[in-house]
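Written below as structure tokens is the structure these notes are about.
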Amino acid sequence: MKASSDSNDRRGSSRFPIEREVRYRVLNKKSNQEAGGGETINMSSSGILFTTEHVLLPGRSVELAVSWPAQLNNTCPLKLVARGRVVRFDGNKAAMEIQHYEFRTQGSQGLSTSH
């Protein structure tokens, strides 16, 4: 897998074209939280570009659960759970800046409810 690079790109991290299923939810104080699914387009250590079912306004806090291609001990499916903020939205694609992430087993709750 080759990272994409562009001499005009100001990003500090290399992006990798990883296409994986993603579930997301907007983190806010309202009880009717927006949630949906999509697919990652590319990822880096500092951000994720993914497709969305909803408009995700820049500045909104989101949590993503990404189906991870590797398995724990070659038997247990993993997911990457990342939290951050939307930095760009265009069409049906959102870019998220990662502020916190962790790996969880697929058997654990889809998206965490703790803040």
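Ordering of the structure tokens sets the chain letters (A, B, ...), residue numbers begin anew at 1 in every chain, and ligands are numbered from 1 in the order given.
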List the spatial neighbours of range 61-76 of chain A as a VMD selection string - criterion: any atom at most 8 Å away, only C-alpha atoms, same-chain residues fewer than 4 positions off excluded. chain A and resid 20 to 28 40 80 to 86 96 105 to 106 110 to 111
I need the chosen residues saved as a PDB file, in the first residue's frame, with N, CA and C atoms.
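Below is the file selection-v8.pdb, written as the result:
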ATOM      1  N   ARG A  20     -12.613   0.864   4.363  1.00  0.00           N
ATOM      2  CA  ARG A  20     -13.204  -0.012   5.376  1.00  0.00           C
ATOM      3  C   ARG A  20     -14.562   0.554   5.779  1.00  0.00           C
ATOM      4  N   GLU A  21     -15.436  -0.339   6.222  1.00  0.00           N
ATOM      5  CA  GLU A  21     -16.751   0.082   6.710  1.00  0.00           C
ATOM      6  C   GLU A  21     -16.571   0.940   7.962  1.00  0.00           C
ATOM      7  N   VAL A  22     -17.400   1.987   8.067  1.00  0.00           N
ATOM      8  CA  VAL A  22     -17.325   2.884   9.216  1.00  0.00           C
ATOM      9  C   VAL A  22     -18.734   3.196   9.723  1.00  0.00           C
ATOM     10  N   ARG A  23     -18.867   3.300  11.028  1.00  0.00           N
ATOM     11  CA  ARG A  23     -20.082   3.796  11.675  1.00  0.00           C
ATOM     12  C   ARG A  23     -19.671   5.067  12.399  1.00  0.00           C
ATOM     13  N   TYR A  24     -20.529   6.084  12.372  1.00  0.00           N
ATOM     14  CA  TYR A  24     -20.190   7.336  13.033  1.00  0.00           C
ATOM     15  C   TYR A  24     -21.383   7.854  13.813  1.00  0.00           C
ATOM     16  N   ARG A  25     -21.074   8.716  14.771  1.00  0.00           N
ATOM     17  CA  ARG A  25     -22.132   9.444  15.463  1.00  0.00           C
ATOM     18  C   ARG A  25     -21.595  10.800  15.859  1.00  0.00           C
ATOM     19  N   VAL A  26     -22.488  11.783  15.822  1.00  0.00           N
ATOM     20  CA  VAL A  26     -22.151  13.138  16.240  1.00  0.00           C
ATOM     21  C   VAL A  26     -22.277  13.180  17.754  1.00  0.00           C
ATOM     22  N   LEU A  27     -21.274  13.713  18.410  1.00  0.00           N
ATOM     23  CA  LEU A  27     -21.279  13.817  19.870  1.00  0.00           C
ATOM     24  C   LEU A  27     -21.811  15.188  20.260  1.00  0.00           C
ATOM     25  N   ASN A  28     -22.988  15.193  20.863  1.00  0.00           N
ATOM     26  CA  ASN A  28     -23.554  16.450  21.345  1.00  0.00           C
ATOM     27  C   ASN A  28     -24.430  16.171  22.544  1.00  0.00           C
ATOM     28  N   THR A  40     -14.433   4.446   4.814  1.00  0.00           N
ATOM     29  CA  THR A  40     -13.247   5.285   4.806  1.00  0.00           C
ATOM     30  C   THR A  40     -12.723   5.393   3.370  1.00  0.00           C
ATOM     31  N   LEU A  80     -11.203   0.209  15.057  1.00  0.00           N
ATOM     32  CA  LEU A  80     -10.558   1.433  15.496  1.00  0.00           C
ATOM     33  C   LEU A  80     -11.675   2.391  15.886  1.00  0.00           C
ATOM     34  N   VAL A  81     -11.653   2.871  17.108  1.00  0.00           N
ATOM     35  CA  VAL A  81     -12.634   3.863  17.551  1.00  0.00           C
ATOM     36  C   VAL A  81     -11.883   5.172  17.723  1.00  0.00           C
ATOM     37  N   ALA A  82     -12.263   6.176  16.930  1.00  0.00           N
ATOM     38  CA  ALA A  82     -11.570   7.460  16.941  1.00  0.00           C
ATOM     39  C   ALA A  82     -12.560   8.575  17.235  1.00  0.00           C
ATOM     40  N   ARG A  83     -12.103   9.542  18.008  1.00  0.00           N
ATOM     41  CA  ARG A  83     -12.901  10.737  18.287  1.00  0.00           C
ATOM     42  C   ARG A  83     -12.129  11.948  17.809  1.00  0.00           C
ATOM     43  N   GLY A  84     -12.877  12.927  17.343  1.00  0.00           N
ATOM     44  CA  GLY A  84     -12.245  14.154  16.888  1.00  0.00           C
ATOM     45  C   GLY A  84     -13.283  15.128  16.393  1.00  0.00           C
ATOM     46  N   ARG A  85     -12.840  16.032  15.537  1.00  0.00           N
ATOM     47  CA  ARG A  85     -13.772  17.032  15.014  1.00  0.00           C
ATOM     48  C   ARG A  85     -13.728  17.035  13.503  1.00  0.00           C
ATOM     49  N   VAL A  86     -14.864  17.371  12.927  1.00  0.00           N
ATOM     50  CA  VAL A  86     -14.966  17.484  11.472  1.00  0.00           C
ATOM     51  C   VAL A  86     -14.234  18.757  11.061  1.00  0.00           C
ATOM     52  N   MET A  96     -12.127  14.179   9.170  1.00  0.00           N
ATOM     53  CA  MET A  96     -12.104  14.299  10.612  1.00  0.00           C
ATOM     54  C   MET A  96     -10.668  14.368  11.103  1.00  0.00           C
ATOM     55  N   THR A 105     -12.125  -4.724  20.549  1.00  0.00           N
ATOM     56  CA  THR A 105     -12.556  -5.938  19.868  1.00  0.00           C
ATOM     57  C   THR A 105     -13.945  -5.688  19.286  1.00  0.00           C
ATOM     58  N   GLN A 106     -14.269  -6.351  18.176  1.00  0.00           N
ATOM     59  CA  GLN A 106     -15.560  -6.146  17.517  1.00  0.00           C
ATOM     60  C   GLN A 106     -16.712  -6.516  18.431  1.00  0.00           C
ATOM     61  N   GLY A 110     -20.570  -1.042  19.901  1.00  0.00           N
ATOM     62  CA  GLY A 110     -20.259  -0.390  18.635  1.00  0.00           C
ATOM     63  C   GLY A 110     -19.595   0.959  18.761  1.00  0.00           C
ATOM     64  N   LEU A 111     -20.241   1.893  19.389  1.00  0.00           N
ATOM     65  CA  LEU A 111     -19.661   3.205  19.649  1.00  0.00           C
ATOM     66  C   LEU A 111     -19.834   3.465  21.124  1.00  0.00           C
TER      67      LEU A 111
END
Work out how far apart CA of Ser45 in chain A and CA of Pro77 in chain A are and give it in Å to one decimal.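 Pair CA of Ser45 in chain A / CA of Pro77 in chain A returns 20.7 Å.
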Point-to-point distance from CA of Leu57 in chain A to CA of Arg15 in chain A, Å rounded to tenths: 22.2 Å
Running DSSP on the backbone, which parts of range 11-107 of chain A land in strand (DSSP E or B), as a count of residues only? 62
Using only C-alpha atoms, the best pick from A:Ala94, A:Gly107, A:Lys79, A:Leu56 as closest to Asn42 in chain A would be A:Ala94
Within 9 Å of Gly91 in chain A, counting only C-alpha atoms, which residues show up once you throw out same-chain ones fewer than 4 positions away? Write them as a short mmCIF file (atom, residue, chain, number, x, y, z; two decimals) with N, CA and C atoms, in the first residue's frame, please.
data_model
loop_
_atom_site.label_atom_id
_atom_site.label_comp_id
_atom_site.auth_asym_id
_atom_site.auth_seq_id
_atom_site.Cartn_x
_atom_site.Cartn_y
_atom_site.Cartn_z
N THR A 51 -16.95 8.62 3.75
CA THR A 51 -18.25 8.97 3.19
C THR A 51 -19.28 8.99 4.31
N THR A 52 -20.33 9.78 4.14
CA THR A 52 -21.35 9.93 5.17
C THR A 52 -22.76 9.83 4.59
N VAL A 55 -25.11 15.37 6.44
CA VAL A 55 -24.22 16.52 6.41
C VAL A 55 -23.56 16.62 7.78
#
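Atom to atom, CA of Phe89 in chain A and CA of Glu53 in chain A stand 11.8 Å apart.
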Just checking: using only C-alpha atoms, which residue out of A:Ser14, A:His100, A:Arg88, A:Gly36 ends up closest to Gly59 in chain A?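 Closest candidate: A:Arg88.
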